[in-house]
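First up is the structure itself, then whatever we jot down about it.
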Amino acid sequence: MTSTEYFIIIIVVLVFIVVFQIAKASEYVSVLKGEKKAFEQNNRINGFLMLVFLVTGLAAAWWCNKVLYKKTLMGVPSASDHGENIDTMMWITLAIIGFVFVITQVLLFWFAYRYQASEKRKVLYYPHNNKLELLWTAVPAIALTVLVAFGLYYWFKITGDAPKTAMEVEITGHQFGWEYRYPGKDNVLGRQNYKLVDPSKNNPLGQDWNDAANHDDLHPSEMHLIVNKPVKLVIRSQDVIHDVGLPHFRMKMDAVPGTPTTMWFTPKYTTAEMKKITGNENFVYEIACDQVCGVGHYSMRGVIVVDTQEEYDKWLASQKPQFLTAHPDGVPPAAKSAAAEATGTQTPEGKPVAQAEEH
Amino acid sequence: MSNEAVIQPGVISHEVHEHHGEHHHHETFISKYVFSQDHKMIAKQFLITGMIWAIIGGLMSVLFRIQLGYPEATLPWLEDIFGHWARGGKISPEFYYALGTMHGTILIFFVLTAGLSGTFANLLIPFQVGARDMASPFMNMLSYWFFLLASIIMMSSLFVQTGPAAGGWTVYPPLSALGDASQGSKIGMDLWLISMAMFVVSQLLGGLNYVSTILNMRTKGMTMTRLPLTIWAIFFTAVLGLLSFPVLLSGFILLLFDRHLGTSFYLSDIVIAGKILPNEGGSPILYQHLFWFLGHPEVYIIILPTMGLVSEVMSINARKPIFGYMAMVASLFAIAVLSFLVWAHHMFVTGLNPFLGSVFVLLTLLIAVPSAIKVFNWLTTLWRGNIRFTPGMMFCIGFVSTFISGGLTGIYVGNSTLDIHVHDTYFIIAHFHIVMGVSAFMGMFAGIYHWFPKMYGRYMNNTLGYIHFWITLACAYIIFWPMHYEGFAGMPRRYYSYENWESFKQFAELNRVISFAAILSFLVQLLFLFNFFYSIFKGRKVTTKNPWGANTLEWTTPINPGHGNWPGEIPEVHRWPYDYGKDGVDFIPQTEPVTKDESKH
């Protein structure tokens, strides 16, 4: 340990001892002064501190908001249409709970201060009042009903079916990274089987190469989306539960092994536009894993680039189907074995076919 | 239930115990302090074991806050203590995740469930219903010993080579089911599950006892509507535990099967560490349903007893009846029932059917109504009272403040639309730490300061109590208030480091402030512990039976009650426990018969 650390420990211990001695002394003082007098004094101090805490607390909350507001997404417009609804909902809710918060905290600490013990006061024997109780059952119930109604209206909009025009992108999580798959020209994501997953054979997603729909599927290293075009994400996991967290779009959905999930939204700003809006040159849409998934959870980062249609088309044209990476000759394994069978080098139950199904 | 039926068992047990009492001269050290069947001693055992756990769990949070607040610091003494877990003086990611997981497990189950309910249910039920002891003192003793066994197993998991469980306190499979997925999912996870199974047994033994004692052993005149709110709260807590813990156990057993017997309850389509697993057809979501079926009632198992404690201590020190006694009982009941119907609000983003999700939104926001009633009733209790700021009372006010703050954000996260954005971010951490961490501790402290004189016949030091209160309250807000903002930035929880994230790295400075406040508040808790143990031996002695001027029965027992609580007859009860300031009289104990010219309420 360094000398600074020893120093800190000594200070902490000394503070403890001093505090304890003061506390002990105060007990002796109260014996000398008389319990009653000491109690009255303590009560006044603590009653006053209640008021101090209330005022400082509210001031600190205001200051905290001033310092931190610009670091959050509250001042940044949502990058998706669903996110705009969520933001509206957020402000309505914040207004309501903020109002209740201030009222109740002020009452709490004010009552504590105002009604501190005094010889002169006679307490009010007030065990119940049905009208009051009915009032504060009914008012919260109504306020909450409004919030539920708003919330569910948006909830069904957000979780409803994606529009038919939506582009489809598959995102697959594994410890600790994301894989993306685009359906290619046919707009169909090819068949998959987790038993075919084999990164060493250029098949990290377990695509079944015997399904022709797989032959044009792309497997880029970043996710590109088109501004103002709805996108439907098909979310999968290969090992444990992950979560596709998109803070700027205000969206989130778990990736559950064995149960593909979906979520859809419409990006509203390209990455370049967001750089301007946020005033941050380094701005990127990040995909954050939001479900603890093991030791590398904090590093499970992905990037989404929102392009204009032209940029996107250009990017798409530069991508090569994964099928061609796995099969440079462009021939699917089933065709190969069929060819082998035809030339008599393999039996019908020959190995190449079986392997293709199992891996 | 008629009074007659209530009286019978009370009379019987009372006779038995009086006979029993004669043998207590031969009490040995072992039978008095170790294998004690006295509810008061068992309460102290739960409390002190809980305190030891709280220190361990709190220290863990200090360690991971060091990583979060000072990610670039290297502290060689960490390596001296923790070896390869902190190589080079930096907490390793494995260690970080293990710390977070164990912090949650320990604080939620071992401190705020066993330590809290175990202490106050055991201490207060026989005292306040007017019984010599629990319905089954032996089962009560077993309950503690199963808890201790669970504690020892959980503690031992901290010392195995691959470390304790590290997949979060909820231990979601497949992460927790596969040793290849995480170091913490190896032997540490088995020990975790076995420990929790023992814990469930302990809870069931305790809970059965609490319920049967409250229902059957009330003294003469103690009708259910004359019970103090502490007892009502503990009663509902015990019922919740009895109904939900078995479901948790079933979830854990299936998890053990998946881990060791090759079943596929929770596993499907998995490729891990390059291996393709044969399991197909299981669903990890099934586990989440089983887990949260306990997991949500669990947060009420934590908060309900403290609501009871706070209601009682607040009424006594405001010198005024609790406002709306029946509404308080009804809202406890409503919370207890609704708490079983809201579990899936933890699962809005798991791909849950949106319609099902909407039902849970409705029920979740419904539970805010009884919570609101309670808050308004507490506020009205303070209104026009004559408030004595004992340390217990201070913590009651702190409880209401934090319960409001954390409860209101519950309206935010319970609405599925908003939950999408803040789910699993720091907003959630802020929400639940304030509402069930800080609040529950506030309520527990209120209880400890208030009933310490009954437990040990001495007072705790008031000045230390005040310092403890003010620093704890201030630190709680400094720690958790700004976390809401981190949540509004979408900053995910359970990250070891945020340095490489463009979206979240702007909070480095804030994280330092939070860590500093966390360390300070931990040190202040040590001050409390010092006060507690010092006062057991050296505190100011209690000189009167009823030092707070309270109405309930425990203050009619001798200052240091023996086993059996009352030396003579168990007193008879004639009124409800909240006659403070009635007809200008400061307080009228429950044992006082109602006089003719007394006003009615």
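Ligands are numbered from 1 in the order shown, chains are lettered A, B, ... in the order of the structure tokens, and residues start at 1 in each chain.
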Discussion item. Set the distance at 9 Å and use only C-alpha atoms: which residues neighbour segment 297-306 of chain A once local chain neighbours fewer than 3 positions away are removed? I'd like the list as number ranges by chain.
Written reply: A: 173-179, 221-227, 242, 267-272, 284-294, 312; B: 492, 494-498, 500-501
Worksheet item: Near Gly100 of chain B, within 9 Å and counting only C-alpha atoms, which residues show up once chain neighbours fewer than 2 positions away are dropped, as a list of chain:residue names?
Response: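 Once the nearby chain positions are removed, what remains is B:Met60, B:Ser61, B:Phe64, B:Phe95, B:Tyr96, B:Tyr97, B:Ala98, B:Met102, B:His103, B:Gly104, B:Thr105, B:Ala166, B:Gly167, B:Gly168, B:Trp169, B:Arg494.
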Just write the chosen residues, N, CA and C atoms, as a CSV table (one decimal), in the first residue's frame.
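Result file follows (result15.csv):
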```csv
chain,number,residue,atom,x,y,z
B,60,MET,N,-19.0,-5.4,-1.3
B,60,MET,CA,-18.9,-5.8,-2.7
B,60,MET,C,-19.3,-4.6,-3.6
B,61,SER,N,-20.3,-3.9,-3.2
B,61,SER,CA,-20.7,-2.7,-4.0
B,61,SER,C,-19.6,-1.7,-4.0
B,64,PHE,N,-17.1,-2.8,-6.7
B,64,PHE,CA,-17.4,-2.6,-8.1
B,64,PHE,C,-17.6,-1.1,-8.4
B,95,PHE,N,-14.4,-10.8,-11.9
B,95,PHE,CA,-14.6,-10.4,-10.5
B,95,PHE,C,-15.8,-9.4,-10.4
B,96,TYR,N,-15.8,-8.5,-11.4
B,96,TYR,CA,-16.8,-7.5,-11.4
B,96,TYR,C,-18.2,-8.1,-11.5
B,97,TYR,N,-18.3,-9.0,-12.4
B,97,TYR,CA,-19.7,-9.6,-12.6
B,97,TYR,C,-20.0,-10.5,-11.4
B,98,ALA,N,-19.0,-11.2,-10.8
B,98,ALA,CA,-19.3,-12.0,-9.6
B,98,ALA,C,-19.7,-11.0,-8.4
B,102,MET,N,-23.4,-11.2,-6.6
B,102,MET,CA,-23.5,-11.6,-5.2
B,102,MET,C,-24.0,-10.4,-4.4
B,103,HIS,N,-23.7,-9.2,-4.8
B,103,HIS,CA,-24.2,-8.0,-4.1
B,103,HIS,C,-25.8,-8.1,-4.1
B,104,GLY,N,-26.3,-8.4,-5.3
B,104,GLY,CA,-27.8,-8.5,-5.4
B,104,GLY,C,-28.4,-9.6,-4.6
B,105,THR,N,-27.8,-10.8,-4.8
B,105,THR,CA,-28.3,-12.0,-4.1
B,105,THR,C,-28.3,-11.7,-2.6
B,166,ALA,N,-22.1,-15.5,-11.4
B,166,ALA,CA,-21.7,-14.2,-12.0
B,166,ALA,C,-22.7,-13.8,-13.1
B,167,GLY,N,-23.9,-14.4,-13.1
B,167,GLY,CA,-24.8,-14.0,-14.2
B,167,GLY,C,-25.9,-13.1,-13.8
B,168,GLY,N,-25.7,-12.3,-12.8
B,168,GLY,CA,-26.8,-11.4,-12.3
B,168,GLY,C,-27.6,-12.2,-11.2
B,169,TRP,N,-28.2,-11.4,-10.3
B,169,TRP,CA,-28.9,-12.1,-9.2
B,169,TRP,C,-30.1,-12.9,-9.7
B,494,ARG,N,-24.9,-3.2,-15.6
B,494,ARG,CA,-24.0,-4.4,-15.6
B,494,ARG,C,-22.9,-4.3,-16.6
```
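Residue nearest Gly221 of chain B within the list B:Gly163, B:Gly406, B:Pro297, B:Gly130: B:Gly130 [criterion: smallest interatomic distance, only C-alpha atoms].
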Discussion item. Quick one: residues within 12 Å of Pro246 of chain B, only C-alpha atoms, excluding same-chain residues fewer than 6 positions away - as a list in words?
Written reply: Met196, Ala197, Met198, Phe199, Val200, Val201, Ser202, Gln203, Leu204, Leu205, Val239, Leu240, Phe252, Ile253, Leu290, Phe291, Phe293, Leu294 and Gly295 of chain B
Practice prompt. Just list the residues in segment 227-282 of chain B DSSP gives alpha helix (DSSP H) on the backbone, as an MDAnalysis selection string.
Written response: chainID B and resid 229:260
Item to complete: Write out as a count of residues only all residues of segment 170-326 of chain A that DSSP puts in strand (DSSP E) for this structure's backbone.
Response: 48
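The protein and nucleic acid residues lying at most 12 Å from Phe48 of chain A are Gln41, Asn42, Asn43, Phe53, Leu54, Val55, Phe109, Trp110, Phe111, Ala112, Tyr113, Arg114, Tyr115 and Gln116 of chain A; Phe389 of chain B, with only C-alpha atoms considered and sequence neighbours fewer than 5 positions away removed.
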Worksheet entry | Nearest candidate to Ile428 of chain B (options B:His346, B:Arg540, B:His450, B:Lys90; using only C-alpha atoms) |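 Under the stated criterion, the closest residue is B:His346.
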Fill in: Exercise: Gly351 of chain B partners within 10 Å, only C-alpha atoms, chain neighbours under 4 positions left out, as an MDAnalysis selection string
(chainID A and resid 159 235 253:256 259:263) or (chainID B and resid 285 347 357)
Item to complete: Name the residues in contact with Met90 of chain A at a cut-off of 7 Å, using only C-alpha atoms, excluding same-chain residues fewer than 4 positions from it; report them as a list in words.
Response: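 With the cut-off at 7 Å, the set is Ile86 and Leu94 of chain A; Leu418 of chain B.
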Worksheet, complete the sentence: Shortest contact to chain A, candidates B:Asn546, B:Thr101, B:Ser151, B:Thr556, atoms counted only C-alpha atoms, goes to B:Thr101
Discussion item. Report, in Å with one decimal, the straight-line distance from atom CA of Val12 of chain A to atom CA of Leu107 of chain B.
Written reply: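 Atom-to-atom, atom CA of Val12 of chain A and atom CA of Leu107 of chain B are spaced 25.1 Å apart.
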Fill in: Which of A:Ser80, A:Thr165, A:Thr308, A:Asn282 sits closest to chain B [using only C-alpha atoms]
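Smallest distance to chain B is found for A:Asn282.
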Worksheet item: Pro220 of chain A: which residues within 12 Å, counting only C-alpha atoms, same-chain residues fewer than 4 positions away excluded, as a list in words?
Response: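 Counting only C-alpha atoms, the residues come to Val169, Glu170, Ile171, Trp178, Glu179, Tyr180, Arg181, Tyr182, Pro183, Gly184, His224, Gly302, Val303, Ile304, Val305, Trp315, Leu316, Ala317, Ser318, Gln319, Lys320, Pro321, Gln322 and Thr325 of chain A.
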Discussion item. Between A:Pro199, A:Pro230, A:Pro332, A:Gly190, which residue has the minimum interatomic distance to Lys164 of chain A, considering only C-alpha atoms?
Written reply: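 When distances to Lys164 of chain A are compared using only C-alpha atoms, the smallest one comes from A:Pro230.
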Practice prompt. Point out the residue among A:Lys37, A:His219, A:Arg44, A:Lys201 with the least atom-to-atom distance to chain B, counting only C-alpha atoms.
Written response: A:Arg44
